[in-house]
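Colleague: Got a file for you: data_23.pdb, PDB, C-alpha atoms.
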MODEL        1
ATOM      1  CA  PRO A  14       0.000   0.000   0.000
ATOM      2  CA  LEU A  15       1.056   3.585  -0.664
ATOM      3  CA  ALA A  16       1.565   6.072   2.136
ATOM      4  CA  ASN A  17      -1.229   8.630   2.472
ATOM      5  CA  SER A  18       1.240  11.341   1.453
ATOM      6  CA  ALA A  19       2.407   9.482  -1.690
ATOM      7  CA  GLU A  20       1.829  11.019  -5.086
ATOM      8  CA  PHE A  21       0.398   8.573  -7.606
ATOM      9  CA  THR A  22       0.567  10.141 -11.080
ATOM     10  CA  PHE A  23      -1.113   8.987 -14.268
ATOM     11  CA  GLU A  24      -0.407  10.498 -17.693
ATOM     12  CA  VAL A  25      -3.497  11.294 -19.728
ATOM     13  CA  ASP A  26      -3.620  11.831 -23.491
ATOM     14  CA  PRO A  27      -6.260  14.524 -24.099
ATOM     15  CA  GLY A  28      -7.697  12.502 -26.978
ATOM     16  CA  ALA A  29      -7.877   9.154 -25.220
ATOM     17  CA  TRP A  30      -9.824   9.522 -21.972
ATOM     18  CA  THR A  31     -13.368   8.979 -20.842
ATOM     19  CA  GLU A  32     -15.147   9.919 -17.655
ATOM     20  CA  GLU A  33     -15.243   6.243 -16.754
ATOM     21  CA  THR A  34     -11.484   5.742 -17.161
ATOM     22  CA  LEU A  35     -10.571   8.824 -15.118
ATOM     23  CA  THR A  36     -12.993   7.851 -12.368
ATOM     24  CA  ALA A  37     -11.543   4.327 -12.309
ATOM     25  CA  TRP A  38      -8.003   5.681 -11.958
ATOM     26  CA  GLU A  39      -9.094   7.994  -9.149
ATOM     27  CA  ARG A  40     -10.696   5.036  -7.364
ATOM     28  CA  ALA A  41      -7.425   3.131  -7.813
ATOM     29  CA  GLY A  42      -5.621   5.897  -5.931
ATOM     30  CA  VAL A  43      -4.341   8.239  -8.643
ATOM     31  CA  ASN A  44      -4.126  11.676  -7.051
ATOM     32  CA  ARG A  45      -2.242  13.588  -9.763
ATOM     33  CA  PHE A  46      -2.748  13.644 -13.518
ATOM     34  CA  SER A  47      -0.125  14.655 -16.069
ATOM     35  CA  VAL A  48      -1.799  15.989 -19.213
ATOM     36  CA  GLY A  49       0.282  15.215 -22.330
ATOM     37  CA  THR A  50      -0.873  18.202 -24.341
ATOM     38  CA  GLN A  51       2.451  19.210 -25.935
ATOM     39  CA  ALA A  52       0.839  22.169 -27.816
ATOM     40  CA  LEU A  53      -2.428  24.016 -28.389
ATOM     41  CA  ASP A  54      -1.757  25.289 -31.901
ATOM     42  CA  PRO A  55      -3.425  22.965 -34.445
ATOM     43  CA  ALA A  56      -0.417  23.187 -36.794
ATOM     44  CA  PHE A  57       2.005  22.152 -34.036
ATOM     45  CA  LEU A  58      -0.300  19.362 -32.918
ATOM     46  CA  GLN A  59      -0.177  18.018 -36.460
ATOM     47  CA  ILE A  60       3.619  18.369 -36.679
ATOM     48  CA  LEU A  61       3.933  16.543 -33.348
ATOM     49  CA  ASP A  62       1.599  13.807 -34.649
ATOM     50  CA  ARG A  63      -0.809  14.287 -31.747
ATOM     51  CA  ASP A  64      -4.256  12.710 -32.057
ATOM     52  CA  HIS A  65      -6.089  15.326 -29.997
ATOM     53  CA  ASN A  66      -7.265  18.863 -30.685
ATOM     54  CA  ARG A  67      -7.483  21.965 -28.474
ATOM     55  CA  GLU A  68     -11.140  21.368 -27.636
ATOM     56  CA  GLN A  69     -10.242  17.954 -26.215
ATOM     57  CA  VAL A  70      -7.441  19.541 -24.177
ATOM     58  CA  PHE A  71      -9.809  22.122 -22.704
ATOM     59  CA  ALA A  72     -12.449  19.472 -21.977
ATOM     60  CA  LEU A  73      -9.887  17.425 -20.044
ATOM     61  CA  LEU A  74      -8.625  20.475 -18.143
ATOM     62  CA  ASP A  75     -12.208  21.360 -17.258
ATOM     63  CA  ARG A  76     -12.722  17.813 -15.937
ATOM     64  CA  LEU A  77      -9.552  18.120 -13.837
ATOM     65  CA  ARG A  78     -10.476  21.526 -12.411
ATOM     66  CA  GLY A  79      -9.741  21.535  -8.692
ATOM     67  CA  LYS A  80      -7.599  18.381  -8.955
ATOM     68  CA  ASN A  81      -3.826  18.026  -8.751
ATOM     69  CA  PHE A  82      -2.490  18.033 -12.332
ATOM     70  CA  SER A  83       0.298  19.258 -14.590
ATOM     71  CA  VAL A  84       0.370  20.043 -18.309
ATOM     72  CA  ASP A  85       3.281  19.153 -20.610
ATOM     73  CA  PHE A  86       4.176  21.632 -23.377
ATOM     74  CA  LEU A  87       6.978  21.463 -25.947
ATOM     75  CA  LEU A  88       8.513  24.792 -26.890
TER      76      LEU A  88
ENDMDL
END
Can the structure from this file be put into structure tokens for me?

Modeller:
Amino acid sequence: PLANSAEFTFEVDPGAWTEETLTAWERAGVNRFSVGTQALDPAFLQILDRDHNREQVFALLDRLRGKNFSVDFLL
């Protein structure tokens, strides 16, 4: 078992999540999500071969509002 103070992080692709999967991970003890956004510009998303779009990123961030999360960007 993890200590109560342990951080259990799960990386989430903005184009590959559902409410059910996030809820299941939270029930399993995940208490921090790392959002693999990489970019918000549609052209950069295409260059980076990302499957998601900005709307999916914002939907995920809205779902994670008030939770412990980070967002990965490439510059």

Colleague: Which protein, DNA or RNA residues have an atom at most 12 Å from (2.1, 3.4, -8.9), counting only C-alpha atoms? List them as a VMD selection string.

Modeller: chain A and resid 14 to 16 19 to 24 38 41 to 45

Colleague: Might you spell out which residues the PyMOL selection byres ((chain A and resi 47-63) around 9) would select in the displayed file, as a list in words?

Modeller: Thr22, Phe23, Glu24, Val25, Asp26, Pro27, Gly28, Arg45, Phe46, Asp64, His65, Asn66, Arg67, Val70, Leu73, Leu74, Asn81, Phe82, Ser83, Val84, Asp85, Phe86, Leu87 and Leu88 of chain A

Colleague: At what distance in Å, to one decimal, does atom CA of Gly79 of chain A lie from atom CA of Trp30 of chain A?

Modeller: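 Computed distance, atom CA of Trp30 of chain A to atom CA of Gly79 of chain A, equals 17.9 Å.
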